[in-house]
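Colleague: Mind having a look at this structure? Questions to follow.
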Amino acid sequence: MERFFNIAGPCNPADHYMLPAMARLPEVISLIRKKQYFVVHAQRQCGKTTAFLALAKEINAGSERVAMYCSLEVVNAFPRAEVGIPMICDLIINAAAILPALAGKAELVASLRAMAKDNAASSGVRQILSSLAAALGKPLVVFFDEADCLSDETLLTFLRQLRDGAISLEKGVNFPASIALIGMRDIRDYKARIRPESESLGSASPFNVLTKAMSLRTFTD
């Protein structure tokens with residue numbers, strides 16, 4: 001089959017013309033190397049998913065890091081944390097189960113599922129990511145695509161668990177070295193989706209962990 005330029009969904013290098021992801025995302029590569037947590041936002045159908053799927057594949061082909069791609073789109077209709085967070089835990093585990101670095105480690109995946117069943121809503125995301133980072137033995141990078149689909153309690157709980165995990169890194173606890181939240185919205189829009197303007201996020205704001213908001217115009221250049 002002859003390759004062509006695809007605009008109808010994620011691209012496949014076997015079928016579509018593509019630029020190398022690392023060449024398209026130099027700022028992202030720099031943030032990953034600096035072990036940063038950050039937001040990537042750009043308009044719909046401009047190549048975000050394709051670029052980060054390709055970037056994860058390129059990173060996993062090397063020996064320095066492990067990259068995991070996880071789409072959160074299916075959690076869109078579940079704003080209550082007791083429902084949405086267990087769903088996110090399942091998505092993370094499913095993404096981890098297909099990582100080349102975890103091939104043949106079915107026992108680890110089974111233990112993560114048991115962990116999610118017991119602690120999902122309260123601390124499941126943090127514990128699962130911590131266990132993954134410990135098991136891999138090298139820095140873990142996580143790309144959460146469609147992160148702006150989350151809302152209300154689910155979004156707040158998710159980001160707080162990421163923040164708690166990031167803080168634990170300073171205490172020597174294992175956690176992903178770098179996390180990207182990918183979607184159409186800037187960080188200011190995440191805040192708007194959680195609480196009305198009349199309410200304060202307070203000192204427990206989960207957004208302190210998000211060190212940079214980026215608009216990747218290079219997707220459409």
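By convention here, the chains of the structure tokens are called A, B, ... in the order presented, each chain's residues are numbered starting at 1, and ligands are numbered starting at 1 in the order presented.
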Can I get the residues of stretch 80-137 of chain A within 7 Å of stretch 53-75 of chain A, each with the closest pair of atoms and their distance in Å to one decimal, using only C-alpha atoms, sorted chain first then ascending number, as JSON lines?
Modeller:
```
{"residue": "A:Gly84", "atom": "CA", "partner": "A:Val75", "partner_atom": "CA", "distance": 6.0}
{"residue": "A:Met87", "atom": "CA", "partner": "A:Val75", "partner_atom": "CA", "distance": 6.7}
{"residue": "A:Ile88", "atom": "CA", "partner": "A:Leu72", "partner_atom": "CA", "distance": 6.8}
{"residue": "A:Leu91", "atom": "CA", "partner": "A:Cys70", "partner_atom": "CA", "distance": 6.7}
{"residue": "A:Ile92", "atom": "CA", "partner": "A:Cys70", "partner_atom": "CA", "distance": 6.2}
{"residue": "A:Ala95", "atom": "CA", "partner": "A:Cys70", "partner_atom": "CA", "distance": 5.9}
{"residue": "A:Ala96", "atom": "CA", "partner": "A:Met68", "partner_atom": "CA", "distance": 6.8}
```
Colleague: Which residues, written as a ChimeraX atom specification, have at least one atom at most 9 Å from A:Ala121, with only C-alpha atoms counted and residues fewer than 6 positions away on the same chain left out?
Modeller: /A:81-86,89,154,157
Colleague: Would you please work out which residue, of A:Gly183, A:Gln43, A:Gly124, A:Ala133, is nearest to A:Phe158 when using only C-alpha atoms?
Modeller: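 So, comparing all the options, the nearest one is A:Gly124.
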Colleague: Rank A:Ser131, A:Thr50, A:Asn76, A:Ser30 by their smallest atom-to-atom distance to A:Leu155, using only C-alpha atoms, and report the top residue only.
Modeller: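 Of all the options, A:Asn76 lies closest to A:Leu155.
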Colleague: Counting only C-alpha atoms, which of A:Pro100, A:Asp148, A:Arg126, A:Met184 gets nearest to A:Gly47?
Modeller: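 Going through A:Pro100, A:Asp148, A:Arg126, A:Met184 one by one, the smallest distance to A:Gly47 is for A:Met184.
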Colleague: Fewer than 5 positions away in the same chain doesn't count, so skip those; otherwise give me all residues within 10 Å of A:Leu129, counting only C-alpha atoms, as a PyMOL selection string.
Modeller: chain A and resi 89+92-93+96+112+124+134-135+140+142+161-162+165+174-176
Colleague: Save out the residues we just selected, all heavy atoms, as a short mmCIF file (atom, residue, chain, number, x, y, z; two decimals), in the first residue's frame.
Modeller:
```cif
data_model
loop_
_atom_site.label_atom_id
_atom_site.label_comp_id
_atom_site.auth_asym_id
_atom_site.auth_seq_id
_atom_site.Cartn_x
_atom_site.Cartn_y
_atom_site.Cartn_z
N CYS A 89 -7.11 4.12 36.94
CA CYS A 89 -6.18 3.07 37.37
C CYS A 89 -6.16 1.92 36.37
O CYS A 89 -5.09 1.40 36.02
CB CYS A 89 -6.57 2.57 38.76
SG CYS A 89 -6.28 3.75 40.09
N ILE A 92 -4.25 2.95 33.26
CA ILE A 92 -2.80 2.96 33.48
C ILE A 92 -2.25 1.53 33.45
O ILE A 92 -1.21 1.25 32.83
CB ILE A 92 -2.46 3.64 34.83
CG1 ILE A 92 -2.83 5.12 34.78
CG2 ILE A 92 -0.98 3.47 35.16
CD1 ILE A 92 -2.71 5.83 36.13
N ILE A 93 -2.93 0.62 34.12
CA ILE A 93 -2.47 -0.77 34.16
C ILE A 93 -2.50 -1.40 32.77
O ILE A 93 -1.58 -2.12 32.38
CB ILE A 93 -3.31 -1.58 35.17
CG1 ILE A 93 -3.09 -1.05 36.58
CG2 ILE A 93 -2.95 -3.07 35.09
CD1 ILE A 93 -4.07 -1.58 37.60
N ALA A 96 0.40 -0.12 30.93
CA ALA A 96 1.64 -0.72 31.44
C ALA A 96 1.82 -2.15 30.96
O ALA A 96 2.93 -2.60 30.69
CB ALA A 96 1.66 -0.67 32.97
N LEU A 112 -0.65 -5.06 40.41
CA LEU A 112 -1.17 -3.71 40.22
C LEU A 112 -2.70 -3.71 40.19
O LEU A 112 -3.34 -2.81 40.73
CB LEU A 112 -0.62 -3.12 38.92
CG LEU A 112 0.89 -2.85 38.87
CD1 LEU A 112 1.29 -2.32 37.50
CD2 LEU A 112 1.31 -1.87 39.95
N GLY A 124 -4.99 5.13 44.48
CA GLY A 124 -4.62 4.15 43.47
C GLY A 124 -3.68 4.65 42.40
O GLY A 124 -2.72 3.97 42.05
N ALA A 134 9.19 1.82 40.36
CA ALA A 134 10.13 1.01 41.12
C ALA A 134 10.50 -0.26 40.36
O ALA A 134 11.65 -0.69 40.37
CB ALA A 134 9.52 0.65 42.47
N ALA A 135 9.52 -0.86 39.67
CA ALA A 135 9.75 -2.14 38.99
C ALA A 135 10.61 -1.98 37.74
O ALA A 135 11.31 -2.92 37.36
CB ALA A 135 8.41 -2.78 38.63
N LEU A 140 10.79 6.57 34.44
CA LEU A 140 9.52 6.37 33.75
C LEU A 140 8.94 7.72 33.32
O LEU A 140 8.87 8.66 34.12
CB LEU A 140 8.53 5.66 34.66
CG LEU A 140 7.08 5.50 34.16
CD1 LEU A 140 7.02 4.68 32.88
CD2 LEU A 140 6.20 4.90 35.25
N VAL A 142 5.46 9.37 31.58
CA VAL A 142 4.06 9.03 31.30
C VAL A 142 3.40 10.16 30.53
O VAL A 142 3.46 11.32 30.93
CB VAL A 142 3.28 8.78 32.60
CG1 VAL A 142 1.85 8.34 32.28
CG2 VAL A 142 3.97 7.71 33.45
N GLN A 161 -3.17 13.34 43.39
CA GLN A 161 -2.34 12.15 43.54
C GLN A 161 -1.04 12.28 42.75
O GLN A 161 0.01 11.80 43.20
CB GLN A 161 -3.13 10.91 43.11
CG GLN A 161 -4.25 10.57 44.08
CD GLN A 161 -4.86 9.21 43.84
OE1 GLN A 161 -4.19 8.27 43.44
NE2 GLN A 161 -6.16 9.10 44.10
N LEU A 162 -1.09 12.94 41.59
CA LEU A 162 0.14 13.20 40.85
C LEU A 162 1.05 14.13 41.65
O LEU A 162 2.27 13.93 41.72
CB LEU A 162 -0.16 13.82 39.49
CG LEU A 162 -0.90 12.96 38.47
CD1 LEU A 162 -0.95 13.70 37.13
CD2 LEU A 162 -0.26 11.60 38.30
N GLY A 165 2.64 12.28 44.53
CA GLY A 165 3.72 11.42 44.04
C GLY A 165 4.96 12.20 43.69
O GLY A 165 6.09 11.77 43.97
N ASN A 174 9.90 6.13 44.80
CA ASN A 174 9.81 5.97 43.36
C ASN A 174 8.52 6.57 42.82
O ASN A 174 7.44 6.39 43.40
CB ASN A 174 9.87 4.48 42.99
CG ASN A 174 11.23 3.88 43.22
OD1 ASN A 174 12.18 4.20 42.53
ND2 ASN A 174 11.33 3.01 44.21
N PHE A 175 8.65 7.26 41.69
CA PHE A 175 7.50 7.84 40.99
C PHE A 175 8.00 8.24 39.60
O PHE A 175 9.21 8.39 39.39
CB PHE A 175 6.96 9.06 41.74
CG PHE A 175 5.51 9.34 41.46
CD1 PHE A 175 4.52 8.46 41.87
CD2 PHE A 175 5.11 10.48 40.77
CE1 PHE A 175 3.18 8.71 41.62
CE2 PHE A 175 3.78 10.74 40.51
CZ PHE A 175 2.81 9.85 40.94
N PRO A 176 7.09 8.39 38.61
CA PRO A 176 7.55 8.80 37.28
C PRO A 176 8.42 10.05 37.34
O PRO A 176 8.12 11.01 38.04
CB PRO A 176 6.24 9.04 36.53
CG PRO A 176 5.29 8.08 37.15
CD PRO A 176 5.65 8.07 38.62
#
```
Colleague: Give the helix (DSSP H, G or I) residues of stretch 18-171 of chain A, as assigned by DSSP on the backbone, as number ranges by chain.
Modeller: A: 21-24, 26-33, 48-60, 73-75, 81-97, 100-102, 106-136, 147-149, 152-169
Colleague: State, in Å with one decimal place, the distance from atom CA of A:Ser130 to atom CA of A:Leu156.
Modeller: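 If I compute the distance from atom CA of A:Ser130 to atom CA of A:Leu156, I get 19.0 Å.
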Colleague: Which residue, A:Ser122, A:Val141, A:Gly172, A:Leu136, has the smallest gap to A:Arg160 when you use only C-alpha atoms?
Modeller: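 So, comparing all the options, the nearest one is A:Ser122.
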Colleague: For a quick check of understanding, using only C-alpha atoms, which of A:Val39, A:Ile182, A:Cys149, A:Leu102 has the smallest distance to A:Pro79?
Modeller: A:Cys149
Colleague: Which of these, A:Val109, A:Gly104, A:Leu181, A:Phe52, has the shortest distance to A:Ala147 once you count only C-alpha atoms?
Modeller: A:Leu181
Colleague: Quick one: pull the distance between atom CA of A:Val173 and atom CA of A:Ala97, Å, one decimal.
Modeller: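 Calculated distance between atom CA of A:Val173 and atom CA of A:Ala97 is 22.2 Å.
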